[in-house]
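> You'll find data_14.tsv just under this line, and it carries TSV, C-alpha atoms and all ligand atoms.
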chain	number	residue	atom	x	y	z
A	676	MET	CA	93.10	105.87	108.56
A	677	GLN	CA	92.71	104.89	112.18
A	678	PHE	CA	90.79	102.73	114.63
A	679	GLY	CA	89.71	103.47	118.20
A	680	ARG	CA	89.67	99.88	119.47
A	681	TYR	CA	90.50	96.40	118.20
A	682	GLY	CA	87.79	94.79	116.08
A	683	GLY	CA	86.26	94.39	112.63
A	684	PRO	CA	86.14	96.70	109.60
A	685	GLU	CA	83.53	98.87	111.34
A	686	GLU	CA	86.23	100.18	113.70
A	687	MET	CA	88.10	101.95	110.85
A	688	SER	CA	87.61	105.63	110.12
A	689	PHE	CA	89.41	108.60	108.64
A	690	GLY	CA	90.72	111.06	111.22
A	691	GLN	CA	93.12	113.95	111.70
A	692	HIS	CA	96.39	113.17	113.45
A	693	THR	CA	99.18	115.64	114.06
A	694	LEU	CA	102.54	113.92	113.72
A	695	PRO	CA	104.98	114.67	116.56
A	696	LYS	CA	108.39	116.27	116.00
A	697	LEU	CA	110.47	113.89	113.90
A	698	ALA	CA	112.78	111.81	116.09
A	699	PRO	CA	116.42	111.05	115.16
A	700	GLY	CA	116.76	108.10	112.78
A	701	ARG	CA	113.29	108.60	111.31
A	702	ILE	CA	112.05	110.09	108.07
A	703	ARG	CA	108.73	111.67	107.15
A	704	VAL	CA	107.38	110.56	103.79
A	705	ARG	CA	104.52	112.01	101.74
A	706	VAL	CA	102.77	108.80	100.75
A	707	LYS	CA	101.94	108.37	97.06
A	708	ALA	CA	100.85	104.72	97.21
A	709	ALA	CA	100.25	102.18	100.00
A	710	ALA	CA	99.55	98.45	99.52
A	711	ILE	CA	97.04	96.51	101.61
A	712	ASN	CA	98.50	93.41	103.30
A	713	PRO	CA	96.56	90.82	105.35
A	714	LEU	CA	98.74	92.03	108.26
A	715	ASP	CA	96.92	95.39	108.22
A	716	TRP	CA	93.52	94.00	109.12
A	717	LYS	CA	95.01	91.32	111.40
A	718	LEU	CA	96.68	94.06	113.50
A	719	ARG	CA	93.39	96.00	113.65
A	720	GLN	CA	91.66	92.79	114.78
A	721	GLY	CA	94.17	92.67	117.65
A	722	ALA	CA	96.31	89.74	116.48
A	723	MET	CA	99.50	91.20	117.98
A	724	LYS	CA	98.31	93.21	120.98
A	725	VAL	CA	101.53	92.50	122.85
A	726	VAL	CA	103.32	94.56	120.19
A	727	THR	CA	100.65	97.11	119.25
A	728	GLY	CA	99.51	97.84	122.79
A	729	TRP	CA	96.35	99.41	124.21
A	730	LYS	CA	96.82	103.08	123.34
A	731	PHE	CA	94.22	104.36	120.84
A	732	PRO	CA	93.55	105.63	118.27
A	733	GLN	CA	96.06	103.62	116.26
A	734	GLY	CA	97.02	104.18	112.64
A	735	MET	CA	96.83	101.53	109.92
A	736	GLY	CA	99.04	100.51	107.05
A	737	SER	CA	102.56	99.15	106.60
A	738	ASP	CA	103.89	99.17	103.04
A	739	PHE	CA	104.20	102.49	101.23
A	740	ALA	CA	106.05	104.44	98.55
A	741	GLY	CA	106.36	108.19	98.39
A	742	VAL	CA	108.55	111.27	98.56
A	743	VAL	CA	110.71	112.24	101.55
A	744	GLU	CA	109.30	115.35	103.21
A	745	GLU	CA	111.71	115.67	106.16
A	746	VAL	CA	114.60	113.75	107.70
A	747	GLY	CA	115.33	113.32	111.41
A	748	GLY	CA	118.66	113.88	113.14
A	749	GLY	CA	121.60	111.71	112.13
A	750	ILE	CA	120.28	110.85	108.68
A	751	THR	CA	122.54	111.67	105.76
A	752	TYR	CA	121.43	108.96	103.33
A	753	PHE	CA	118.05	110.58	102.50
A	754	ARG	CA	117.11	114.13	101.59
A	755	ALA	CA	113.79	115.90	101.18
A	756	GLY	CA	112.48	115.16	97.68
A	757	ASP	CA	113.96	111.63	97.41
A	758	LYS	CA	111.58	108.99	96.02
A	759	VAL	CA	111.52	106.06	98.43
A	760	PHE	CA	109.61	102.96	99.48
A	761	GLY	CA	109.49	100.98	102.68
A	762	THR	CA	107.40	99.80	105.57
A	763	ALA	CA	106.18	101.19	108.88
A	764	GLU	CA	107.02	99.21	112.03
A	765	ILE	CA	104.31	96.90	113.33
A	766	ARG	CA	104.10	98.77	116.65
A	767	ARG	CA	103.42	102.12	114.92
A	768	GLN	CA	101.82	101.48	111.48
A	769	GLY	CA	100.37	104.61	109.88
A	770	ALA	CA	101.12	104.18	106.15
A	771	PHE	CA	97.46	104.59	105.16
A	772	ALA	CA	97.84	108.34	105.50
A	773	GLU	CA	98.98	111.42	103.62
A	774	LEU	CA	102.21	111.46	105.65
A	775	VAL	CA	103.97	108.61	107.46
A	776	ASP	CA	106.92	108.69	109.88
A	777	ALA	CA	109.12	105.63	109.42
A	778	ASP	CA	112.34	104.14	110.77
A	779	ALA	CA	114.88	105.11	108.10
A	780	ASN	CA	116.33	101.56	108.30
A	781	LEU	CA	113.08	100.22	106.84
A	782	VAL	CA	113.07	102.61	103.86
A	783	ILE	CA	115.17	102.62	100.68
A	784	HIS	CA	115.38	104.65	97.50
A	785	LYS	CA	112.82	103.67	94.87
A	786	PRO	CA	114.34	102.45	91.60
A	787	ALA	CA	113.31	104.77	88.77
A	788	SER	CA	112.00	101.79	86.79
A	789	LEU	CA	109.32	101.02	89.41
A	790	SER	CA	106.12	103.04	89.79
A	791	PHE	CA	105.09	104.14	93.30
A	792	SER	CA	102.38	101.44	93.25
A	793	GLU	CA	104.78	98.68	92.17
A	794	ALA	CA	107.26	99.70	94.87
A	795	ALA	CA	104.57	99.87	97.58
A	796	CYS	CA	103.65	96.22	96.87
A	797	ILE	CA	107.17	94.99	97.66
A	798	PRO	CA	108.27	95.32	101.31
A	799	ILE	CA	106.34	92.82	103.46
A	800	PRO	CA	105.54	90.12	100.86
A	801	ALA	CA	108.90	90.22	99.11
A	802	ALA	CA	110.88	90.37	102.38
A	803	THR	CA	108.89	87.36	103.62
A	804	ALA	CA	109.44	85.47	100.36
A	805	TRP	CA	113.16	86.31	100.54
A	806	ALA	CA	113.46	85.09	104.13
A	807	ALA	CA	111.65	81.87	103.16
A	808	ILE	CA	113.18	81.07	99.76
A	809	ILE	CA	116.70	82.48	100.00
A	810	GLY	CA	117.21	82.48	103.78
A	811	ALA	CA	115.47	79.28	104.93
A	812	ALA	CA	115.07	77.11	101.80
A	813	LYS	CA	118.42	78.23	100.32
A	814	ALA	CA	117.08	78.01	96.76
A	815	GLY	CA	119.65	77.16	94.13
A	816	PRO	CA	119.99	75.45	90.74
A	817	LYS	CA	119.67	71.98	92.26
A	818	SER	CA	116.65	72.67	94.47
A	819	HIS	CA	113.11	71.55	93.92
A	820	ILE	CA	110.69	73.66	95.98
A	821	PHE	CA	106.98	73.09	96.53
A	822	ILE	CA	104.95	76.21	97.39
A	823	ASN	CA	101.53	75.68	98.95
A	824	GLY	CA	99.65	78.82	97.86
A	825	CYS	CA	101.89	80.06	95.07
A	826	SER	CA	99.42	82.65	93.75
A	827	GLY	CA	99.21	85.29	96.51
A	828	ALA	CA	101.57	88.21	97.06
A	829	VAL	CA	104.09	86.20	99.13
A	830	GLY	CA	103.64	83.12	96.92
A	831	SER	CA	104.19	84.91	93.62
A	832	PHE	CA	107.31	86.71	94.92
A	833	ALA	CA	108.54	83.33	96.26
A	834	VAL	CA	108.07	81.75	92.82
A	835	GLN	CA	109.97	84.57	91.12
A	836	LEU	CA	112.84	84.51	93.63
A	837	ALA	CA	113.18	80.73	93.50
A	838	ARG	CA	113.21	80.82	89.69
A	839	THR	CA	115.69	83.71	89.63
A	840	TYR	CA	118.03	81.61	91.80
A	841	GLY	CA	117.65	78.64	89.45
A	842	ALA	CA	115.33	76.41	91.48
A	843	ARG	CA	112.61	74.21	90.06
A	844	VAL	CA	109.22	75.23	91.48
A	845	SER	CA	106.04	73.19	91.87
A	846	GLY	CA	103.02	74.61	93.62
A	847	SER	CA	99.37	74.58	94.53
A	848	CYS	CA	96.74	77.30	94.16
A	849	GLY	CA	93.05	77.91	93.54
A	850	SER	CA	91.58	77.10	90.12
A	851	SER	CA	91.20	80.78	89.18
A	852	SER	CA	94.95	81.32	89.71
A	853	THR	CA	96.24	78.29	87.76
A	854	ALA	CA	96.87	79.98	84.42
A	855	ALA	CA	98.76	82.89	86.00
A	856	VAL	CA	101.08	80.71	88.09
A	857	LYS	CA	101.78	78.41	85.12
A	858	SER	CA	102.86	81.39	83.08
A	859	ALA	CA	105.13	82.43	85.98
A	860	GLY	CA	107.01	79.14	85.52
A	861	VAL	CA	105.45	76.89	88.18
A	862	ALA	CA	105.32	73.32	86.90
A	863	PRO	CA	103.42	71.28	87.72
A	864	VAL	CA	100.58	73.26	89.30
A	865	PHE	CA	98.25	71.29	91.59
A	866	ALA	CA	94.86	71.82	93.16
A	867	TYR	CA	95.11	72.00	96.97
A	868	THR	CA	93.19	68.73	97.19
A	869	ASP	CA	95.55	66.84	94.86
A	870	LYS	CA	97.59	65.44	97.76
A	871	ALA	CA	98.64	62.12	96.18
A	872	ALA	CA	99.95	63.83	93.04
A	873	ILE	CA	101.77	66.50	95.09
A	874	SER	CA	103.49	63.70	97.01
A	875	LEU	CA	104.39	61.68	93.87
A	876	ASN	CA	105.96	64.81	92.33
A	877	GLY	CA	108.37	65.04	95.29
A	878	PRO	CA	110.35	64.58	97.41
A	879	TYR	CA	111.24	68.26	97.73
A	880	ASP	CA	114.23	70.14	99.09
A	881	ALA	CA	111.81	72.61	100.66
A	882	VAL	CA	108.09	72.98	101.18
A	883	PHE	CA	106.94	76.57	101.69
A	884	ASP	CA	103.41	76.91	103.04
A	885	THR	CA	102.31	80.53	102.45
A	886	LEU	CA	98.76	79.90	103.64
A	887	GLY	CA	99.08	77.91	106.87
A	888	THR	CA	96.73	75.26	105.43
A	889	LEU	CA	99.18	72.38	104.86
A	890	PRO	CA	99.39	70.34	108.05
A	891	VAL	CA	103.01	70.35	109.21
A	892	SER	CA	103.04	66.53	109.53
A	893	GLU	CA	101.96	66.23	105.86
A	894	GLY	CA	104.49	68.82	104.71
A	895	LEU	CA	107.35	67.05	106.48
A	896	LYS	CA	106.48	63.79	104.68
A	897	LEU	CA	106.98	65.54	101.30
A	898	LEU	CA	110.62	66.38	102.07
A	899	LYS	CA	113.98	64.84	101.21
A	900	PRO	CA	115.89	63.77	104.36
A	901	LYS	CA	117.65	67.15	104.68
A	902	GLY	CA	114.72	69.22	103.38
A	903	CYS	CA	112.91	71.90	105.37
A	904	PHE	CA	109.32	72.97	105.90
A	905	VAL	CA	108.99	76.77	105.89
A	906	ASP	CA	106.03	78.36	107.65
A	907	ILE	CA	104.89	82.00	107.86
A	908	ASN	CA	101.53	81.48	109.60
A	909	PRO	CA	102.43	80.26	113.08
A	910	THR	CA	99.87	78.94	115.52
A	911	PRO	CA	100.89	77.38	118.84
A	912	GLY	CA	99.90	73.94	117.49
A	913	ARG	CA	101.89	74.26	114.25
A	914	MET	CA	104.94	75.54	116.09
A	915	LEU	CA	104.80	72.76	118.65
A	916	ARG	CA	104.42	70.14	115.90
A	917	GLY	CA	107.17	71.73	113.87
A	918	PHE	CA	109.74	72.23	116.59
A	919	VAL	CA	109.61	68.51	117.37
A	920	SER	CA	110.97	67.76	113.89
A	921	GLY	CA	113.93	70.12	113.75
A	922	ARG	CA	113.28	70.60	110.02
A	923	TYR	CA	110.56	73.20	110.58
A	924	LYS	CA	111.54	76.82	109.97
A	925	LEU	CA	109.34	79.74	110.92
A	926	VAL	CA	110.18	83.01	109.18
A	927	PHE	CA	108.87	86.56	109.38
A	928	ALA	CA	108.92	89.58	107.10
A	929	THR	CA	111.12	91.32	109.66
A	930	THR	CA	113.87	88.77	108.95
A	931	GLY	CA	113.94	89.88	105.31
A	932	PHE	CA	113.77	93.68	105.75
A	933	LYS	CA	117.58	93.92	105.88
A	934	ASP	CA	117.58	92.40	102.38
A	935	LEU	CA	115.35	95.11	100.86
A	936	PRO	CA	118.30	96.61	98.90
A	937	ASP	CA	118.95	93.23	97.20
A	938	ILE	CA	115.23	92.75	96.62
A	939	SER	CA	114.96	96.25	95.14
A	940	LYS	CA	117.90	95.55	92.82
A	941	ILE	CA	116.27	92.40	91.46
A	942	ALA	CA	112.96	94.25	91.06
A	943	ALA	CA	114.70	97.08	89.21
A	944	GLU	CA	116.16	94.48	86.82
A	945	GLY	CA	112.63	93.28	86.05
A	946	LYS	CA	113.09	89.87	87.73
A	947	LEU	CA	110.63	90.55	90.55
A	948	ARG	CA	107.34	91.99	89.39
A	949	SER	CA	104.57	93.20	91.68
A	950	SER	CA	101.12	91.96	90.83
A	951	ILE	CA	98.70	94.89	91.18
A	952	GLY	CA	95.05	93.89	91.17
A	953	LEU	CA	93.43	97.25	91.78
A	954	GLU	CA	94.41	100.85	92.44
A	955	VAL	CA	91.86	102.89	94.37
A	956	PRO	CA	91.83	106.50	95.56
A	957	PHE	CA	92.59	106.90	99.27
A	958	ALA	CA	89.06	108.26	99.76
A	959	ASP	CA	87.76	104.74	98.99
A	960	ALA	CA	90.17	102.99	101.41
A	961	LEU	CA	87.52	101.98	103.98
A	962	ALA	CA	85.58	99.92	101.43
A	963	ALA	CA	88.75	98.61	99.77
A	964	ILE	CA	90.21	97.24	103.03
A	965	LYS	CA	86.88	95.78	104.09
A	966	ASP	CA	86.45	94.03	100.72
A	967	ALA	CA	90.00	92.63	100.79
A	968	GLU	CA	89.46	91.38	104.35
A	969	LEU	CA	86.22	89.65	103.39
A	970	GLY	CA	87.85	88.00	100.33
A	971	ARG	CA	85.99	90.20	97.82
A	972	ARG	CA	89.09	91.15	95.90
A	973	PRO	CA	90.76	90.84	92.53
A	974	ALA	CA	93.88	88.71	92.06
A	975	GLY	CA	96.89	90.88	92.92
A	976	ARG	CA	97.48	93.57	95.53
A	977	ILE	CA	95.08	96.41	96.19
A	978	VAL	CA	96.94	99.72	96.24
A	979	LEU	CA	95.67	102.95	97.79
A	980	LEU	CA	96.64	106.09	95.88
A	981	MET	CA	97.13	109.22	98.01
B	1	LIG	N1	105.13	85.60	108.94
B	1	LIG	C1	105.08	86.78	108.31
B	1	LIG	O1	105.88	87.70	108.61
B	1	LIG	C2	104.10	87.00	107.20
B	1	LIG	C3	104.39	87.97	106.22
B	1	LIG	C4	103.50	88.14	105.17
B	1	LIG	C5	102.33	87.39	105.12
B	1	LIG	N2	102.06	86.50	106.11
B	1	LIG	C6	100.80	85.72	106.05
B	1	LIG	O2	100.88	84.88	104.90
B	1	LIG	C7	99.59	84.72	104.33
B	1	LIG	C8	99.67	85.07	102.84
B	1	LIG	O3	99.92	86.46	102.70
B	1	LIG	P1	99.78	87.15	101.26
B	1	LIG	O4	100.09	88.57	101.44
B	1	LIG	O5	100.49	86.36	100.23
B	1	LIG	O6	98.20	86.98	101.02
B	1	LIG	P2	97.37	87.12	99.66
B	1	LIG	O7	98.11	87.90	98.65
B	1	LIG	O8	96.04	87.60	100.08
B	1	LIG	O9	97.27	85.63	99.10
B	1	LIG	C9	96.79	84.58	99.87
B	1	LIG	C10	95.98	83.64	99.02
B	1	LIG	O10	94.74	84.25	98.75
B	1	LIG	C11	94.23	83.68	97.57
B	1	LIG	N3	93.71	84.71	96.70
B	1	LIG	C12	94.34	85.37	95.70
B	1	LIG	N4	93.50	86.21	95.11
B	1	LIG	C13	92.34	86.07	95.74
B	1	LIG	C14	91.07	86.65	95.58
B	1	LIG	N5	90.82	87.51	94.60
B	1	LIG	N6	90.09	86.33	96.44
B	1	LIG	C15	90.31	85.43	97.41
B	1	LIG	N7	91.48	84.83	97.59
B	1	LIG	C16	92.48	85.14	96.76
B	1	LIG	C17	95.32	82.97	96.85
B	1	LIG	O11	95.05	81.61	96.85
B	1	LIG	P3	94.17	80.92	95.71
B	1	LIG	O12	95.06	80.68	94.53
B	1	LIG	O13	93.72	79.69	96.38
B	1	LIG	O14	93.02	81.84	95.36
B	1	LIG	C18	96.55	83.32	97.66
B	1	LIG	O15	97.49	82.30	97.74
B	1	LIG	C19	98.65	85.60	105.15
B	1	LIG	O16	98.01	84.81	106.12
B	1	LIG	C20	99.58	86.58	105.84
B	1	LIG	O17	99.06	87.09	107.04
B	1	LIG	C21	102.92	86.27	107.14
Will you turn the file into structure tokens for me?


Amino acid sequence: MQFGRYGGPEEMSFGQHTLPKLAPGRIRVRVKAAAINPLDWKLRQGAMKVVTGWKFPQGMGSDFAGVVEEVGGGITYFRAGDKVFGTAEIRRQGAFAELVDADANLVIHKPASLSFSEAACIPIPAATAWAAIIGAAKAGPKSHIFINGCSGAVGSFAVQLARTYGARVSGSCGSSSTAAVKSAGVAPVFAYTDKAAISLNGPYDAVFDTLGTLPVSEGLKLLKPKGCFVDINPTPGRMLRGFVSGRYKLVFATTGFKDLPDISKIAAEGKLRSSIGLEVPFADALAAIKDAELGRRPAGRIVLLM
């Protein structure tokens, strides 16, 4: 899956690409499953040109699970035939493919209890949720955390991590997601518009906005004096507003990648479950990505099967 210039879904196409000789520190993986993240279409739209550059065509896709085909120099931890999962670096992408070359530091062995699809859904959303809930919010038995948008991939992993670490979790989501998040242990669950009730239910030790829709000034008002507002959708305005307060924490998936082994362990124990909405054959990837991008998608991740 590649694109020849930055733009909309119409820029995506299938193409042949010959992978170069494998560099030291990298592994080549035969992809079995790859999950579609919002990041994938944002990068194709040109959201991070400074990182992705102006050389085309570029590949697409970050999170994958598969079987090691070849290992580069200096790698002793992986062997051909190992079942693994991981993520491709933002500047290279390329997981929506039959084969992907990845930095071995961003790949780990797949627990036997997880399917390839379940494992492919983990890296970016779970690493982001980890960085937010464990790293920034420091969830623990005495914390009360409010998650704005607790139903998406990042939100549902955040709920599970916070609950695993003993925190009490309140949250907001769309009406079609309410039943699912209640059964995941979020209580109470609010509509996004229910601002007075969200405030009365606080104050909170941490507010995690997964959607970038809660104004930072409003989020800060919901906090206890030492609480923090955690953001994963930075805009210059939000960052400026947040940095003034000192209680604003911006986190990225990249912060949590080093914690993938811990995340994998919790997932293998059944405490962190991937929500898979749809599995589609790789041949249908163009339509699947376009639909996800335009909001025509089921609840849960869409996974491409290679
Ligand atoms: N800073 C970082 O490194 C980082 C890392 C990962 C993600 N992000 C960003 O964080 C945001 C959330 O990412 P995500 O992967 O959690 O996104 P997601 O899974 O697409 O979920 C986002 C929201 O979409 C809504 N949604 C769920 N199912 C839907 C459906 N069938 N149709 C339409 N909407 C649906 C949900 O809200 P409702 O309950 O209201 O429907 C959900 O909270 C994105 O903007 C992403 O780019 C940033």

> Excluding A:Leu694 and its own-chain neighbours fewer than 6 positions away, which residues fall within 10 Å of it when counting all atoms listed in the file? Please give them as a PyMOL selection string.

chain A and resi 703+774-776

> Choose the residue, out of A:Cys848, A:Val782, A:Met981, A:Leu947, that has the smallest atom-to-atom separation from ligand LIG 1 (chain B); count only C-alpha atoms and all ligand atoms.

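Closest candidate: A:Cys848.
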
> Near A:His692, counting only C-alpha atoms, which residues have an atom at most 10 Å away, once you skip same-chain residues fewer than 4 positions from it, shown as an MDAnalysis selection string?

chainID A and resid 676:677 732:734 772 774

> Select the residues contacting ligand LIG 1 (chain B) at a distance of at most 8 Å, based on all atoms listed in the file, then format the selection as number ranges by chain.

A: 712-714, 717, 799-800, 802-803, 823-831, 847-853, 867, 885-887, 906-909, 925-929, 967, 970-976

> I need the chosen residues saved as an mmCIF file, in the coordinates of the input, with C-alpha atoms.


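After the write, result34.cif holds the following:
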data_model
loop_
_atom_site.group_PDB
_atom_site.id
_atom_site.type_symbol
_atom_site.label_atom_id
_atom_site.label_comp_id
_atom_site.auth_asym_id
_atom_site.auth_seq_id
_atom_site.Cartn_x
_atom_site.Cartn_y
_atom_site.Cartn_z
ATOM 1 C CA ASN A 712 98.500 93.410 103.300
ATOM 2 C CA PRO A 713 96.560 90.820 105.350
ATOM 3 C CA LEU A 714 98.740 92.030 108.260
ATOM 4 C CA LYS A 717 95.010 91.320 111.400
ATOM 5 C CA ILE A 799 106.340 92.820 103.460
ATOM 6 C CA PRO A 800 105.540 90.120 100.860
ATOM 7 C CA ALA A 802 110.880 90.370 102.380
ATOM 8 C CA THR A 803 108.890 87.360 103.620
ATOM 9 C CA ASN A 823 101.530 75.680 98.950
ATOM 10 C CA GLY A 824 99.650 78.820 97.860
ATOM 11 C CA CYS A 825 101.890 80.060 95.070
ATOM 12 C CA SER A 826 99.420 82.650 93.750
ATOM 13 C CA GLY A 827 99.210 85.290 96.510
ATOM 14 C CA ALA A 828 101.570 88.210 97.060
ATOM 15 C CA VAL A 829 104.090 86.200 99.130
ATOM 16 C CA GLY A 830 103.640 83.120 96.920
ATOM 17 C CA SER A 831 104.190 84.910 93.620
ATOM 18 C CA SER A 847 99.370 74.580 94.530
ATOM 19 C CA CYS A 848 96.740 77.300 94.160
ATOM 20 C CA GLY A 849 93.050 77.910 93.540
ATOM 21 C CA SER A 850 91.580 77.100 90.120
ATOM 22 C CA SER A 851 91.200 80.780 89.180
ATOM 23 C CA SER A 852 94.950 81.320 89.710
ATOM 24 C CA THR A 853 96.240 78.290 87.760
ATOM 25 C CA TYR A 867 95.110 72.000 96.970
ATOM 26 C CA THR A 885 102.310 80.530 102.450
ATOM 27 C CA LEU A 886 98.760 79.900 103.640
ATOM 28 C CA GLY A 887 99.080 77.910 106.870
ATOM 29 C CA ASP A 906 106.030 78.360 107.650
ATOM 30 C CA ILE A 907 104.890 82.000 107.860
ATOM 31 C CA ASN A 908 101.530 81.480 109.600
ATOM 32 C CA PRO A 909 102.430 80.260 113.080
ATOM 33 C CA LEU A 925 109.340 79.740 110.920
ATOM 34 C CA VAL A 926 110.180 83.010 109.180
ATOM 35 C CA PHE A 927 108.870 86.560 109.380
ATOM 36 C CA ALA A 928 108.920 89.580 107.100
ATOM 37 C CA THR A 929 111.120 91.320 109.660
ATOM 38 C CA ALA A 967 90.000 92.630 100.790
ATOM 39 C CA GLY A 970 87.850 88.000 100.330
ATOM 40 C CA ARG A 971 85.990 90.200 97.820
ATOM 41 C CA ARG A 972 89.090 91.150 95.900
ATOM 42 C CA PRO A 973 90.760 90.840 92.530
ATOM 43 C CA ALA A 974 93.880 88.710 92.060
ATOM 44 C CA GLY A 975 96.890 90.880 92.920
ATOM 45 C CA ARG A 976 97.480 93.570 95.530
#

> Which residue is closest to A:Gln835? Choose from A:Val742, A:Cys796, A:Ile941, A:Val891 and count all atoms listed in the file.

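Under the stated criterion, the closest residue is A:Ile941.
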
> Measure the distance from atom CA of A:Phe904 to atom CA of A:Arg922 in Å and round it to one decimal.

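Separation of atom CA of A:Phe904 and atom CA of A:Arg922: 6.2 Å.
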
> What is the distance, in Å and to one decimal place, between atom CA of A:Ser845 and atom CA of A:Phe865?

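Going from atom CA of A:Ser845 over to atom CA of A:Phe865, I get 8.0 Å.
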
> Mind pulling up the distance from atom CA of A:Val834 to atom CA of A:Ala787?

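Between these atoms lies a distance of 24.0 Å.
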
> Using all atoms listed in the file, which of A:Leu697, A:Ala881, A:Ala855, A:Val905 sits nearest A:Ser950?

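Nearest to A:Ser950: A:Ala855.
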
> Stretch 825-831 of chain A from the block above, all heavy atoms, as a compact mmCIF listing (two decimals), in the first residue's frame, please?


# COMPACT_ATOMS: atom_id res chain seq x y z
N CYS A 825 -13.70 7.57 26.08
CA CYS A 825 -13.16 6.34 26.68
C CYS A 825 -13.52 5.10 25.85
O CYS A 825 -13.32 3.98 26.29
CB CYS A 825 -13.65 6.19 28.13
SG CYS A 825 -15.44 6.20 28.29
N SER A 826 -14.05 5.32 24.64
CA SER A 826 -14.55 4.19 23.85
C SER A 826 -13.67 3.80 22.67
O SER A 826 -13.85 2.73 22.11
CB SER A 826 -15.94 4.55 23.31
OG SER A 826 -15.84 5.76 22.58
N GLY A 827 -12.74 4.66 22.27
CA GLY A 827 -11.90 4.35 21.11
C GLY A 827 -10.78 3.39 21.49
O GLY A 827 -10.77 2.84 22.59
N ALA A 828 -9.85 3.18 20.57
CA ALA A 828 -8.77 2.22 20.83
C ALA A 828 -7.90 2.69 21.99
O ALA A 828 -7.64 1.94 22.94
CB ALA A 828 -7.92 2.03 19.58
N VAL A 829 -7.46 3.97 21.97
CA VAL A 829 -6.64 4.49 23.07
C VAL A 829 -7.48 4.53 24.35
O VAL A 829 -7.04 4.08 25.42
CB VAL A 829 -6.10 5.90 22.75
CG1 VAL A 829 -5.34 6.47 23.95
CG2 VAL A 829 -5.21 5.89 21.52
N GLY A 830 -8.71 5.03 24.24
CA GLY A 830 -9.59 5.16 25.41
C GLY A 830 -9.85 3.82 26.08
O GLY A 830 -9.78 3.70 27.30
N SER A 831 -10.15 2.79 25.29
CA SER A 831 -10.50 1.51 25.93
C SER A 831 -9.27 0.86 26.55
O SER A 831 -9.38 0.23 27.61
CB SER A 831 -11.22 0.57 24.97
OG SER A 831 -10.41 0.26 23.90
